[in-house]
Every structure is written in C-alpha cells, then in structure tokens.
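model_22.tsv follows; it contains TSV, C-alpha atoms.
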chain	number	residue	atom	x	y	z
O	54	MET	CA	37.77	3.96	21.73
O	55	PRO	CA	36.53	2.12	18.65
O	56	ILE	CA	32.82	2.66	17.92
O	57	ARG	CA	30.81	-0.51	18.37
O	58	VAL	CA	28.94	-1.37	15.19
O	59	LYS	CA	25.27	-1.99	15.90
O	60	ARG	CA	23.61	-4.68	13.85
O	61	ARG	CA	20.14	-6.00	13.30
O	62	TYR	CA	19.04	-9.51	12.46
O	63	ILE	CA	16.18	-9.80	9.99
O	64	ALA	CA	14.05	-12.94	9.61
O	65	VAL	CA	12.73	-13.28	6.07
O	66	LYS	CA	10.01	-15.55	4.74
O	67	ILE	CA	10.34	-16.47	1.08
O	68	ASP	CA	7.02	-16.85	-0.70
O	69	SER	CA	7.52	-19.03	-3.75
O	70	GLU	CA	6.29	-22.29	-5.16
O	71	ALA	CA	9.74	-23.20	-6.44
O	72	THR	CA	12.66	-24.13	-4.22
O	73	SER	CA	15.74	-21.96	-4.22
O	74	SER	CA	19.17	-22.15	-2.65
O	75	SER	CA	20.70	-19.66	-0.22
O	76	LYS	CA	22.96	-18.50	-3.07
O	77	ASP	CA	19.96	-17.73	-5.29
O	78	PHE	CA	18.27	-15.81	-2.47
O	79	MET	CA	21.33	-13.70	-1.70
O	80	LYS	CA	21.84	-13.02	-5.42
O	81	ALA	CA	18.25	-11.77	-5.66
O	82	LEU	CA	18.78	-9.55	-2.60
O	83	TRP	CA	22.07	-8.08	-3.88
O	84	ASP	CA	20.59	-7.52	-7.35
O	85	SER	CA	17.67	-5.70	-5.81
O	86	LEU	CA	19.91	-3.62	-3.51
O	87	ILE	CA	22.21	-2.67	-6.39
O	88	LYS	CA	19.29	-1.76	-8.68
O	89	LEU	CA	17.70	0.51	-6.05
O	90	PHE	CA	20.69	2.02	-4.24
O	91	GLY	CA	23.70	1.33	-6.46
O	92	GLU	CA	26.88	-0.45	-5.44
O	93	TYR	CA	27.78	2.30	-2.98
O	94	GLY	CA	24.41	2.11	-1.21
O	95	ALA	CA	24.45	-1.68	-1.21
O	96	SER	CA	27.93	-1.73	0.32
O	97	LYS	CA	26.69	0.34	3.28
O	98	THR	CA	24.07	-2.26	4.30
O	99	GLY	CA	26.58	-4.94	5.33
O	100	ALA	CA	24.02	-7.60	4.42
O	101	THR	CA	25.24	-11.09	5.38
O	102	LEU	CA	23.35	-14.35	5.30
O	103	ILE	CA	23.35	-15.98	8.72
O	104	GLU	CA	20.95	-18.84	8.26
O	105	TYR	CA	18.90	-20.31	5.44
O	106	GLN	CA	16.30	-23.02	5.72
O	107	ASP	CA	15.34	-24.62	2.44
O	108	GLU	CA	12.31	-26.51	3.69
O	109	GLU	CA	10.75	-23.71	5.74
O	110	LYS	CA	11.76	-21.13	3.13
O	111	THR	CA	13.09	-18.75	5.74
O	112	ALA	CA	16.33	-16.86	5.99
O	113	ILE	CA	18.06	-14.76	8.61
O	114	ILE	CA	20.25	-11.92	7.42
O	115	ARG	CA	22.40	-9.52	9.40
O	116	VAL	CA	22.61	-5.85	8.45
O	117	PHE	CA	23.90	-2.61	9.95
O	118	HIS	CA	21.17	-1.18	12.15
O	119	LYS	CA	20.86	2.11	10.23
O	120	GLU	CA	20.20	0.21	7.01
O	121	VAL	CA	17.26	-1.96	8.09
O	122	GLU	CA	14.78	0.10	6.07
O	123	THR	CA	17.07	0.06	3.01
O	124	VAL	CA	17.21	-3.74	3.12
O	125	ARG	CA	13.47	-3.94	3.80
O	126	ALA	CA	12.80	-1.85	0.67
O	127	ALA	CA	15.17	-4.00	-1.39
O	128	LEU	CA	13.50	-7.19	-0.13
O	129	ALA	CA	10.10	-5.73	-1.05
O	130	THR	CA	11.15	-5.25	-4.67
O	131	ILE	CA	12.22	-8.88	-5.14
O	132	THR	CA	9.83	-10.49	-7.63
O	133	LYS	CA	11.96	-13.40	-8.83
O	134	ILE	CA	14.49	-15.73	-7.29
O	135	ASN	CA	16.47	-17.80	-9.77
O	136	ASP	CA	14.09	-16.64	-12.54
O	137	LYS	CA	11.06	-18.05	-10.74
O	138	PRO	CA	8.29	-15.86	-9.29
O	139	ALA	CA	8.98	-15.18	-5.62
O	140	THR	CA	8.54	-12.56	-2.94
O	141	ALA	CA	10.36	-12.03	0.33
O	142	HIS	CA	8.60	-10.71	3.43
O	143	VAL	CA	10.28	-9.49	6.60
O	144	ILE	CA	8.81	-11.40	9.53
O	145	LYS	CA	10.79	-10.02	12.47
O	146	VAL	CA	13.71	-7.74	13.20
O	147	SER	CA	15.84	-7.97	16.31
O	148	GLY	CA	19.10	-6.77	17.81
O	149	THR	CA	20.48	-10.21	18.63
O	150	LEU	CA	20.22	-13.56	16.96
O	151	ARG	CA	19.00	-15.17	20.17
O	152	ALA	CA	16.22	-12.61	20.66
O	153	LEU	CA	15.17	-13.02	17.04
O	154	LYS	CA	14.93	-16.79	17.41
O	155	ASN	CA	12.95	-16.40	20.63
O	156	LYS	CA	10.55	-14.01	18.90
O	157	LEU	CA	10.14	-16.44	16.00
O	158	LYS	CA	9.47	-19.29	18.40
O	159	ALA	CA	6.86	-17.22	20.23
O	160	THR	CA	5.14	-16.29	16.96
O	161	LYS	CA	5.13	-19.92	15.84
O	162	LYS	CA	3.64	-21.03	19.18
O	163	ARG	CA	0.93	-18.37	18.97
O	164	SER	CA	-0.07	-19.40	15.46
O	165	THR	CA	-0.37	-23.13	16.30
Y	192	MET	CA	-2.10	0.26	17.77
Y	193	ARG	CA	-2.22	1.29	14.13
Y	194	ARG	CA	-4.84	-0.24	11.83
Y	195	PHE	CA	-3.32	-0.61	8.40
Y	196	ALA	CA	-5.43	-0.09	5.31
Y	197	ASP	CA	-4.94	-0.94	1.66
Y	198	LEU	CA	-7.53	0.97	-0.31
Y	199	HIS	CA	-6.45	-0.25	-3.74
Y	200	LEU	CA	-6.47	-4.02	-4.20
Y	201	ARG	CA	-7.32	-4.88	-7.78
Y	202	PRO	CA	-8.15	-8.58	-8.17
Y	203	ASP	CA	-9.80	-9.82	-11.35
Y	204	LEU	CA	-13.42	-9.93	-10.26
Y	205	GLY	CA	-14.23	-12.45	-12.96
Y	206	ASP	CA	-12.18	-14.88	-10.88
Y	207	MET	CA	-13.69	-14.81	-7.39
Y	208	GLU	CA	-11.12	-17.37	-6.16
Y	209	GLN	CA	-8.34	-14.91	-6.89
Y	210	ALA	CA	-10.22	-12.20	-5.01
Y	211	GLN	CA	-10.62	-14.60	-2.10
Y	212	ARG	CA	-6.90	-15.44	-2.12
Y	213	MET	CA	-5.96	-11.75	-2.20
Y	214	ILE	CA	-8.28	-10.95	0.71
Y	215	ALA	CA	-6.76	-13.84	2.70
Y	216	LYS	CA	-3.27	-12.61	1.84
Y	217	ALA	CA	-4.13	-9.04	2.91
Y	218	ALA	CA	-5.32	-10.38	6.27
Y	219	GLU	CA	-2.16	-12.49	6.62
Y	220	LEU	CA	0.06	-9.51	5.83
Y	221	GLY	CA	-1.54	-7.46	8.60
Y	222	TYR	CA	-4.15	-5.26	6.91
Y	223	LYS	CA	-7.35	-4.61	8.84
Y	224	VAL	CA	-9.14	-2.53	6.22
Y	225	ILE	CA	-9.20	-3.10	2.46
Y	226	ALA	CA	-10.98	-1.65	-0.54
Y	227	ILE	CA	-11.43	-3.28	-3.91
Y	228	PRO	CA	-12.41	-0.70	-6.53
Y	229	LEU	CA	-15.51	-1.60	-8.50
Y	230	SER	CA	-17.00	-0.02	-11.55
Y	231	ILE	CA	-20.53	1.39	-11.27
Y	232	SER	CA	-21.98	-1.62	-13.07
Y	233	GLN	CA	-20.15	-4.05	-10.74
Y	234	LEU	CA	-21.23	-2.33	-7.54
Y	235	ASP	CA	-24.52	-4.16	-6.93
Y	236	LYS	CA	-23.18	-7.47	-8.20
Y	237	TYR	CA	-20.00	-7.77	-6.13
Y	238	LYS	CA	-20.26	-5.47	-3.09
Y	239	ASP	CA	-22.13	-7.88	-0.79
Y	240	GLN	CA	-20.11	-10.87	-1.99
Y	241	LEU	CA	-16.81	-9.16	-1.23
Y	242	GLN	CA	-18.10	-7.94	2.10
Y	243	VAL	CA	-18.85	-11.53	3.13
Y	244	LEU	CA	-15.41	-12.75	1.98
Y	245	CYS	CA	-13.72	-10.00	3.99
Y	246	ARG	CA	-15.80	-10.66	7.10
Y	247	GLU	CA	-14.73	-14.32	7.02
Y	248	ARG	CA	-11.10	-13.19	7.22
Y	249	GLY	CA	-11.71	-10.55	9.88
Y	250	VAL	CA	-11.03	-7.67	7.48
Y	251	ASP	CA	-13.14	-4.56	7.19
Y	252	PHE	CA	-14.32	-4.10	3.57
Y	253	VAL	CA	-14.66	-0.58	2.22
Y	254	SER	CA	-16.80	-0.03	-0.86
Y	255	ARG	CA	-14.94	1.98	-3.46
Y	256	VAL	CA	-15.67	3.05	-6.99
Y	257	ASP	CA	-12.95	4.15	-9.38
Y	258	ILE	CA	-14.09	6.55	-12.06
Y	259	LYS	CA	-12.21	6.95	-15.32
Y	260	PRO	CA	-14.20	9.66	-17.10
Y	261	ARG	CA	-13.45	11.01	-20.58
Y	262	THR	CA	-14.72	14.53	-19.88
Y	263	SER	CA	-15.22	16.78	-16.86
Y	264	SER	CA	-18.98	16.77	-17.33
Y	265	GLU	CA	-19.01	12.97	-17.37
Y	266	LEU	CA	-17.13	13.04	-14.07
Y	267	THR	CA	-19.66	15.32	-12.36
Y	268	ARG	CA	-22.56	13.29	-13.77
Y	269	ILE	CA	-21.13	10.01	-12.41
Y	270	LEU	CA	-20.32	11.60	-9.05
Y	271	ARG	CA	-23.90	12.80	-8.68
Y	272	LYS	CA	-25.08	9.26	-9.31
Y	273	ILE	CA	-22.77	7.28	-7.02
Y	274	ARG	CA	-21.51	9.50	-4.22
Y	275	ARG	CA	-24.24	8.48	-1.77
Y	276	LYS	CA	-23.75	4.79	-2.56
Y	277	VAL	CA	-20.06	4.18	-1.82
Y	278	GLU	CA	-17.62	4.90	0.96
Y	279	VAL	CA	-14.64	5.91	-1.17
Y	280	VAL	CA	-14.56	7.52	-4.60
Y	281	GLY	CA	-11.34	7.49	-6.58
Y	282	VAL	CA	-10.72	9.20	-9.91
Y	283	ILE	CA	-8.17	7.89	-12.38
Y	284	CYS	CA	-6.86	11.14	-13.79
Y	285	ASP	CA	-5.89	10.40	-17.38
Y	286	SER	CA	-5.85	13.99	-18.58
Y	287	LYS	CA	-5.12	17.40	-17.09
Y	288	ALA	CA	-8.73	18.57	-17.45
Y	289	ILE	CA	-10.03	15.54	-15.54
Y	290	ALA	CA	-7.33	15.95	-12.91
Y	291	ARG	CA	-8.27	19.60	-12.32
Y	292	GLN	CA	-12.00	18.90	-12.15
Y	293	ALA	CA	-11.46	15.95	-9.77
Y	294	ALA	CA	-9.17	17.98	-7.52
Y	295	LYS	CA	-11.72	20.74	-7.00
Y	296	ASP	CA	-14.74	18.48	-6.49
Y	297	ARG	CA	-15.42	17.85	-2.80
Y	298	ARG	CA	-17.05	14.52	-3.62
Y	299	VAL	CA	-13.75	13.01	-4.76
Y	300	ASP	CA	-11.65	11.28	-2.09
Y	301	LEU	CA	-8.65	10.01	-3.99
Y	302	LEU	CA	-6.75	11.30	-7.01
Y	303	ASN	CA	-4.99	8.43	-8.72
Y	304	PHE	CA	-2.59	8.91	-11.63
Y	305	PRO	CA	-1.25	6.35	-14.13
Y	306	ALA	CA	2.25	4.97	-13.56
Y	307	ASP	CA	3.49	6.61	-16.77
Y	308	ALA	CA	5.39	9.66	-15.50
Y	309	ARG	CA	4.18	11.74	-18.50
Y	310	LYS	CA	0.56	11.22	-17.47
Y	311	ARG	CA	0.94	12.43	-13.90
Y	312	PHE	CA	-0.54	15.89	-13.56
Y	313	PHE	CA	-0.10	16.51	-9.84
Y	314	ASP	CA	1.54	19.94	-9.86
Y	315	GLU	CA	1.17	23.08	-7.69
Y	316	ALA	CA	-2.17	24.12	-9.24
Y	317	GLU	CA	-3.57	20.63	-8.74
Y	318	ALA	CA	-2.30	20.54	-5.15
Y	319	GLU	CA	-3.89	23.88	-4.32
Y	320	LEU	CA	-7.27	22.74	-5.64
Y	321	ALA	CA	-6.99	19.39	-3.85
Y	322	SER	CA	-6.06	20.98	-0.53
Y	323	ARG	CA	-9.21	23.15	-0.63
Y	324	ALA	CA	-11.47	20.25	-1.56
Y	325	LEU	CA	-9.97	17.66	0.84
Y	326	ALA	CA	-9.00	15.25	-1.94
Y	327	SER	CA	-5.98	13.05	-1.24
Y	328	LEU	CA	-3.21	11.98	-3.55
Y	329	GLU	CA	-3.10	8.20	-3.90
Y	330	ILE	CA	0.22	6.57	-4.69
Y	331	ASP	CA	0.28	2.95	-5.85
Y	332	ILE	CA	3.32	0.91	-4.90
Y	333	SER	CA	3.01	-1.94	-7.42
Y	334	PRO	CA	4.57	-0.03	-10.38
Y	335	LEU	CA	7.67	0.48	-8.24
Y	336	ILE	CA	7.94	-3.29	-7.88
Y	337	THR	CA	7.20	-4.22	-11.48
Y	338	LEU	CA	9.09	-1.46	-13.31
Y	339	GLU	CA	12.85	-1.52	-13.74
Y	340	GLY	CA	15.54	0.79	-15.07
Y	341	PRO	CA	14.70	4.18	-16.65
Y	342	PRO	CA	10.87	3.92	-16.27
Y	343	ARG	CA	11.26	3.29	-12.52
Y	344	ILE	CA	13.83	6.09	-12.24
Y	345	ARG	CA	11.41	8.50	-13.97
Y	346	LEU	CA	8.53	7.37	-11.76
Y	347	LEU	CA	10.57	7.79	-8.56
Y	348	SER	CA	11.65	11.24	-9.62
Y	349	THR	CA	8.02	12.25	-10.37
Y	350	LEU	CA	6.78	10.77	-7.09
Y	351	ARG	CA	9.45	12.64	-5.14
Y	352	ARG	CA	8.28	15.92	-6.70
Y	353	GLU	CA	4.61	15.09	-6.09
Y	354	VAL	CA	5.19	14.20	-2.43
Y	355	ALA	CA	7.08	17.45	-1.88
Y	356	THR	CA	4.28	19.45	-3.56
Y	357	ALA	CA	1.55	17.63	-1.61
Y	358	THR	CA	3.41	18.24	1.66
Y	359	ASP	CA	3.88	21.94	0.86
Y	360	TYR	CA	0.17	22.43	0.13
Y	361	GLY	CA	-1.08	20.19	2.96
Y	362	VAL	CA	-2.60	17.58	0.65
Y	363	ALA	CA	-3.01	14.23	2.39
Y	364	ILE	CA	-1.21	11.27	0.83
Y	365	VAL	CA	-2.58	7.74	0.77
Y	366	VAL	CA	-0.22	4.93	-0.17
Y	367	SER	CA	-1.89	1.79	-1.53
Y	368	SER	CA	-0.62	-1.41	-3.09
Y	369	GLY	CA	-2.44	-1.18	-6.44
Y	370	ALA	CA	-1.78	-4.92	-6.63
Y	371	ASN	CA	-3.62	-7.02	-9.19
Y	372	GLU	CA	-2.02	-10.27	-8.04
Y	373	GLU	CA	-0.86	-11.73	-4.74
Y	374	MET	CA	2.82	-11.54	-5.69
Y	375	LEU	CA	2.59	-7.74	-5.71
Y	376	MET	CA	1.18	-7.48	-2.19
Y	377	ARG	CA	3.54	-6.34	0.55
Y	378	ARG	CA	3.38	-5.96	4.34
Y	379	PRO	CA	2.53	-2.45	5.63
Y	380	LEU	CA	6.05	-1.88	6.94
Y	381	GLU	CA	7.50	-2.95	3.59
Y	382	VAL	CA	5.24	-0.44	1.85
Y	383	ALA	CA	6.47	2.21	4.32
Y	384	ALA	CA	10.08	1.25	3.55
Y	385	LEU	CA	9.42	1.62	-0.19
Y	386	THR	CA	8.08	5.13	0.30
Y	387	MET	CA	11.50	6.23	1.51
Y	388	LEU	CA	12.58	5.85	-2.14
Y	389	PHE	CA	10.61	9.00	-2.89
Y	390	ASP	CA	11.62	10.82	0.28
Y	391	MET	CA	8.62	10.28	2.52
Y	392	ASP	CA	9.69	10.23	6.13
Y	393	ARG	CA	8.71	7.27	8.29
Y	394	ALA	CA	5.97	9.00	10.28
Y	395	GLN	CA	4.39	10.40	7.10
Y	396	ALA	CA	4.63	6.98	5.45
Y	397	LEU	CA	2.96	5.19	8.35
Y	398	ASP	CA	0.16	7.78	8.38
Y	399	ALA	CA	-0.29	7.28	4.62
Y	400	ILE	CA	-1.07	3.59	5.14
Y	401	SER	CA	-3.09	3.88	8.33
Y	402	LYS	CA	-4.29	7.22	9.71
Y	403	THR	CA	-5.08	9.01	6.43
Y	404	PRO	CA	-7.03	6.21	4.69
Y	405	MET	CA	-8.84	5.44	7.94
Y	406	SER	CA	-9.89	9.06	8.36
Y	407	ILE	CA	-11.29	9.12	4.79
Y	408	VAL	CA	-13.29	5.96	5.46
Y	409	GLU	CA	-14.57	7.17	8.84
Y	410	ARG	CA	-15.52	10.60	7.46
Y	411	ASN	CA	-17.49	9.07	4.61
Y	412	ARG	CA	-19.13	6.40	6.77
Y	413	GLU	CA	-20.38	9.15	9.04
Y	414	LYS	CA	-21.75	11.04	6.03
Y	415	LEU	CA	-23.49	7.92	4.72
Y	416	SER	CA	-25.04	7.15	8.10
Y	417	PRO	CA	-28.82	7.85	8.25
Y	418	ASN	CA	-28.19	10.04	11.31
Y	419	PHE	CA	-25.96	12.47	9.43
Y	420	VAL	CA	-27.45	15.91	8.80
Y	421	ALA	CA	-24.46	18.12	7.99
Y	422	PRO	CA	-20.80	18.19	9.07
Y	423	GLY	CA	-20.88	18.42	12.86
Y	424	ILE	CA	-24.64	17.83	13.10
Y	425	ARG	CA	-26.17	14.39	13.52
Y	426	ILE	CA	-29.39	12.97	14.91
Y	427	ILE	CA	-28.88	11.35	18.29
Y	428	LYS	CA	-32.53	10.63	19.20
Y	429	ARG	CA	-35.66	10.13	17.13
Y	430	GLY	CA	-39.41	10.09	17.69
Y	431	ASN	CA	-40.54	9.11	21.17
Y	432	ASP	CA	-37.00	9.28	22.54
Y	433	CYS	CA	-37.07	13.07	22.20
Y	434	PRO	CA	-38.14	14.99	25.32
Starting from the file, lay out its structure as structure tokens.
Amino acid sequence: MPIRVKRRYIAVKIDSEATSSSKDFMKALWDSLIKLFGEYGASKTGATLIEYQDEEKTAIIRVFHKEVETVRAALATITKINDKPATAHVIKVSGTLRALKNKLKATKKRST
Amino acid sequence: MRRFADLHLRPDLGDMEQAQRMIAKAAELGYKVIAIPLSISQLDKYKDQLQVLCRERGVDFVSRVDIKPRTSSELTRILRKIRRKVEVVGVICDSKAIARQAAKDRRVDLLNFPADARKRFFDEAEAELASRALASLEIDISPLITLEGPPRIRLLSTLRREVATATDYGVAIVVSSGANEEMLMRRPLEVAALTMLFDMDRAQALDAISKTPMSIVERNREKLSPNFVAPGIRIIKRGNDCP
C-alpha cells in the first residue's frame, strides 16, 4: 500500500508597501529556505504556490505536513521581496484548501 | 489560552509615532504583554505615556529598564537605585565580569548578550550562577532575521550551545523580538518556529514566549505591590479590617 502524503495549506499575508508578483514571492521563499536549510532541506518541504492575490497581498502555499514549521521559519526570515522591504506572516494553516478558505472567511467576517 | 509576551521591543523613543505603530503592530500580531526597555533617565518621562498607548490597544505594558554598566560596582549601584521602580530589569552583558555579576545578583531578571558571537559569555559557570539567582537568559530573534551567511551561522551555533547549557542547568529562557522597527516584528508562532533553528523544542519555545516572561512579570508585580512583605507573605487586611 502506498503511503498517503499528508499536506498542509498555509495562508500567508505579505506586508509590504510595494507590489510584487507571485514569482517574486516564491523566489523570496525559496531563497530563504535555501539559506536556512540548504537545497536538501528545501527540497523536503515540497513548497508549492497554490494561489496568489496581488491586490490583497495574500498567498496560499502547500507544503508537506511535517515541514510546516520549517516553512514558517523560512517565511519569518524574509525581509525583502524583489529587493523591496517586505515581511510575510502566516495567517492560518489547514489540512485542506477548502477548510483553509472557510477559516479565512470566518476570520474576515469576525474582523469586519 | 496562552498569553504571548514580547519583553524586548526597541522603538526609537524620540519618535513617539514609531512607538505607537510598533505597539499597534504587536497587538495585531497577537501579543498581550509587551515591554519597551527604557534607560533610567527615560523612565519618568516615557513610562506613563507608553502605558497609555498600550492600554488603547488592549496590551499590557511592562516597565523595563536595560542596564549597560561598565563595571560590576556600577551595576550594583544602579540596581539599588531602580529595582523597586520597575517590573523587569535586564542587563546587557558586554563583558565577562558584568555577565558574572549580573548572573549572581537576584535583582536581575534577564541576561541579554550582544548578537556578536564573540561577546556572548553564557557558559557553564554563568548558567550555574544564573540558576541560583533566578535570572533568565534572554534571546533576541531580530539578529537572526537581519544577519546572513557566516555571522548568522556563528550566532546559531552559539545559541544552540547556550540553549543546551541553560537547559542542563535549569536556567529559564525568554525569547524576545529585540525589534527596533516594525519590519522585524514576527507573530509568536513564527518566533517559536525560528527557535527550532537553535534546537529548542516546540513546548520549550512556546514557554519562552509566554509562560516564562509572564511568570517574571507576575513575580515582580507581586514584589512591587504595597501588600508584599516577603516571598510567601503578604498583607491581606489592614487597620480596622483586622479582628
């Protein structure tokens, strides 16, 4: 029986005055992962961009569930995206994309 | 539910707007308790002002003084002067002599070392003294974010050794941001994730940003209360209330 790979979906809020593309964001994330954990460590995270919203400055990335903290640490060390000052904060983590979106909706509702 | 604390926010107090923005950001990131270190001369000027700013954002402000003495005798002299005025006392240990004196003085709450790995003197002897005197090791996260390459590698290696020594000797660890600008502030869980880089386990990391700093603040608030007599003894009734 093949082992089912468990994944986690991470919603990220990008805090920056400048606009950046999804490519710039993922480059910043990979750079940060490689600097902290090397290419071997970065390869184990399985980080993939699922969704990126330019206007809201949010992104959803998918990672292997055992590597959530690794990716969280890498996101925390981002200080620049496309050479412009920026930070990335994890807003929510969930096991499915649908649950993550529901959680985000609920948070948004609560804050308005 | 855990109450997260950041005992080392370092805004430029000459720019009160920046302090205000950093307090707002701390509240937004999920911190319930914050401390902004003041010098002795700034204490009267800024303490009340910062307290009001924090109250507006629903954050508990802790008064803290950071001492950077040149000699051991200067350290004891300053401690005598300020200990009964502030809730948290931190010592920036720039030399081995200061580090040793601070570690054995029961009036010191936090031992803070510069980011330069060569100026960090937290070894076994320091840990033994600190464990007897109840001083905690404070680790700032901001250098880990700003440094890159060999300096960060050296710092991580030193921090890993310090955490292992502190754990062996039962010295409490407090993890703070040490941020002097908003861009260096991180959510509590992000700070906990960064601590894994120097081998702190998750439970220990969460305690270092919530339980440990909170216990220091509560212990000192109790001591500063007018009802405090000695550890374990406090006045519960006065005057006519007494039978």
- Task: Define the interface residues of chain O facing chain Y as those within 12 Å, counting all atoms listed in the file, and report them as a PyMOL selection string.
- Result: chain O and resi 65-70+84-85+87-91+120-133+137-146+164
- Long-range neighbours of Lys295 in chain Y as number ranges by chain, 8 Å cut-off, only C-alpha atoms, 6 positions minimum in chain: Y: 320-321, 323-324, 326
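Shortest separation to Val256 in chain Y among Y:Asp359, Y:Arg291, Y:Glu219, Y:His199 occurs at residue Y:His199, atoms counted being all atoms listed in the file.
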Draw an axis-aligned box tight on the listed atoms of range 54-63 of chain O, then pad every side by 3 Å and write out centre and edge lengths in Å to one decimal as AutoDock Vina command-line options.
--center_x 27.0 --center_y -2.9 --center_z 15.9 --size_x 27.6 --size_y 19.8 --size_z 17.7
- Query: Which is closer to Ile330 in chain Y than all the others in Y:Arg248, Y:Lys236, Y:Arg351, Y:Arg297, using all atoms listed in the file?
  - Reply: Y:Arg351
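The residue set within 10 Å of Lys154 in chain O, counting all atoms listed in the file and dropping same-chain residues fewer than 5 places from it, reads Tyr62, Ala64, Ile113, Lys145, Ser147, Thr149, Ala159 and Thr160 of chain O.
Take CA of Arg151 in chain O and CA of Asp77 in chain O: the distance between them is 25.6 Å.
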- Query: CA of Pro342 in chain Y and CA of Ala306 in chain Y, how far apart in Å?
  - Reply: 9.1 Å
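When only C-alpha atoms are used to compute distances to Asp398 in chain Y, the closest of the residues Y:Leu347, Y:Ala370, Y:Val279, Y:Ala363 turns out to be Y:Ala363.
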- Interatomic distance (Å, one decimal) between CA of Ala355 in chain Y and CA of Asp390 in chain Y: 8.3 Å
- Query: Excluding same-chain residues fewer than 6 positions from Gln106 in chain O, what lies within 9 Å of it counting all atoms listed in the file, as a list of chain:residue names?
  - Reply: O:Ser74, O:Ser75, O:Ala112, O:Ile113
Generate the missing atoms of range 412-419 of chain Y up to all heavy atoms and report them as a compact mmCIF listing (two decimals), in the coordinates of the input.
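Contents of out-v4.txt, freshly written:
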# COMPACT_ATOMS: atom_id res chain seq x y z
N ARG Y 412 -18.13 7.27 6.12
CA ARG Y 412 -19.13 6.40 6.77
C ARG Y 412 -20.09 7.24 7.60
O ARG Y 412 -21.27 6.96 7.65
CB ARG Y 412 -18.43 5.35 7.64
CG ARG Y 412 -17.94 4.21 6.79
CD ARG Y 412 -17.39 3.08 7.60
NE ARG Y 412 -17.05 1.99 6.68
CZ ARG Y 412 -16.25 1.00 6.98
NH1 ARG Y 412 -15.72 0.93 8.19
NH2 ARG Y 412 -15.99 0.05 6.10
N GLU Y 413 -19.53 8.26 8.23
CA GLU Y 413 -20.38 9.15 9.04
C GLU Y 413 -21.37 9.87 8.12
O GLU Y 413 -22.55 9.98 8.44
CB GLU Y 413 -19.51 10.14 9.80
CG GLU Y 413 -20.27 10.82 10.93
CD GLU Y 413 -19.56 12.05 11.46
OE1 GLU Y 413 -18.33 12.14 11.32
OE2 GLU Y 413 -20.27 12.93 11.98
N LYS Y 414 -20.88 10.32 6.97
CA LYS Y 414 -21.75 11.04 6.03
C LYS Y 414 -22.84 10.13 5.47
O LYS Y 414 -23.95 10.57 5.19
CB LYS Y 414 -20.92 11.60 4.87
CG LYS Y 414 -20.18 12.86 5.20
CD LYS Y 414 -19.51 13.37 3.95
CE LYS Y 414 -18.57 14.53 4.24
NZ LYS Y 414 -17.78 14.85 3.06
N LEU Y 415 -22.52 8.85 5.29
CA LEU Y 415 -23.49 7.92 4.72
C LEU Y 415 -24.47 7.39 5.76
O LEU Y 415 -25.47 6.75 5.42
CB LEU Y 415 -22.77 6.74 4.06
CG LEU Y 415 -21.98 7.05 2.79
CD1 LEU Y 415 -21.20 5.85 2.33
CD2 LEU Y 415 -22.89 7.52 1.67
N SER Y 416 -24.15 7.64 7.03
CA SER Y 416 -25.04 7.15 8.10
C SER Y 416 -26.39 7.88 8.02
O SER Y 416 -26.45 9.08 7.72
CB SER Y 416 -24.35 7.38 9.44
OG SER Y 416 -25.23 7.90 10.37
N PRO Y 417 -27.51 7.19 8.32
CA PRO Y 417 -28.82 7.85 8.25
C PRO Y 417 -28.98 8.98 9.26
O PRO Y 417 -29.86 9.83 9.13
CB PRO Y 417 -29.80 6.71 8.55
CG PRO Y 417 -29.01 5.59 9.08
CD PRO Y 417 -27.60 5.77 8.65
N ASN Y 418 -28.09 9.00 10.29
CA ASN Y 418 -28.19 10.04 11.31
C ASN Y 418 -27.44 11.32 10.95
O ASN Y 418 -27.48 12.30 11.69
CB ASN Y 418 -27.63 9.52 12.65
CG ASN Y 418 -28.49 8.42 13.20
OD1 ASN Y 418 -29.70 8.35 12.91
ND2 ASN Y 418 -27.90 7.52 13.96
N PHE Y 419 -26.75 11.29 9.82
CA PHE Y 419 -25.96 12.47 9.43
C PHE Y 419 -26.86 13.55 8.84
O PHE Y 419 -27.70 13.28 7.99
CB PHE Y 419 -24.90 12.04 8.40
CG PHE Y 419 -24.07 13.17 7.88
CD1 PHE Y 419 -22.99 13.66 8.60
CD2 PHE Y 419 -24.36 13.75 6.66
CE1 PHE Y 419 -22.22 14.70 8.11
CE2 PHE Y 419 -23.59 14.80 6.16
CZ PHE Y 419 -22.52 15.27 6.91
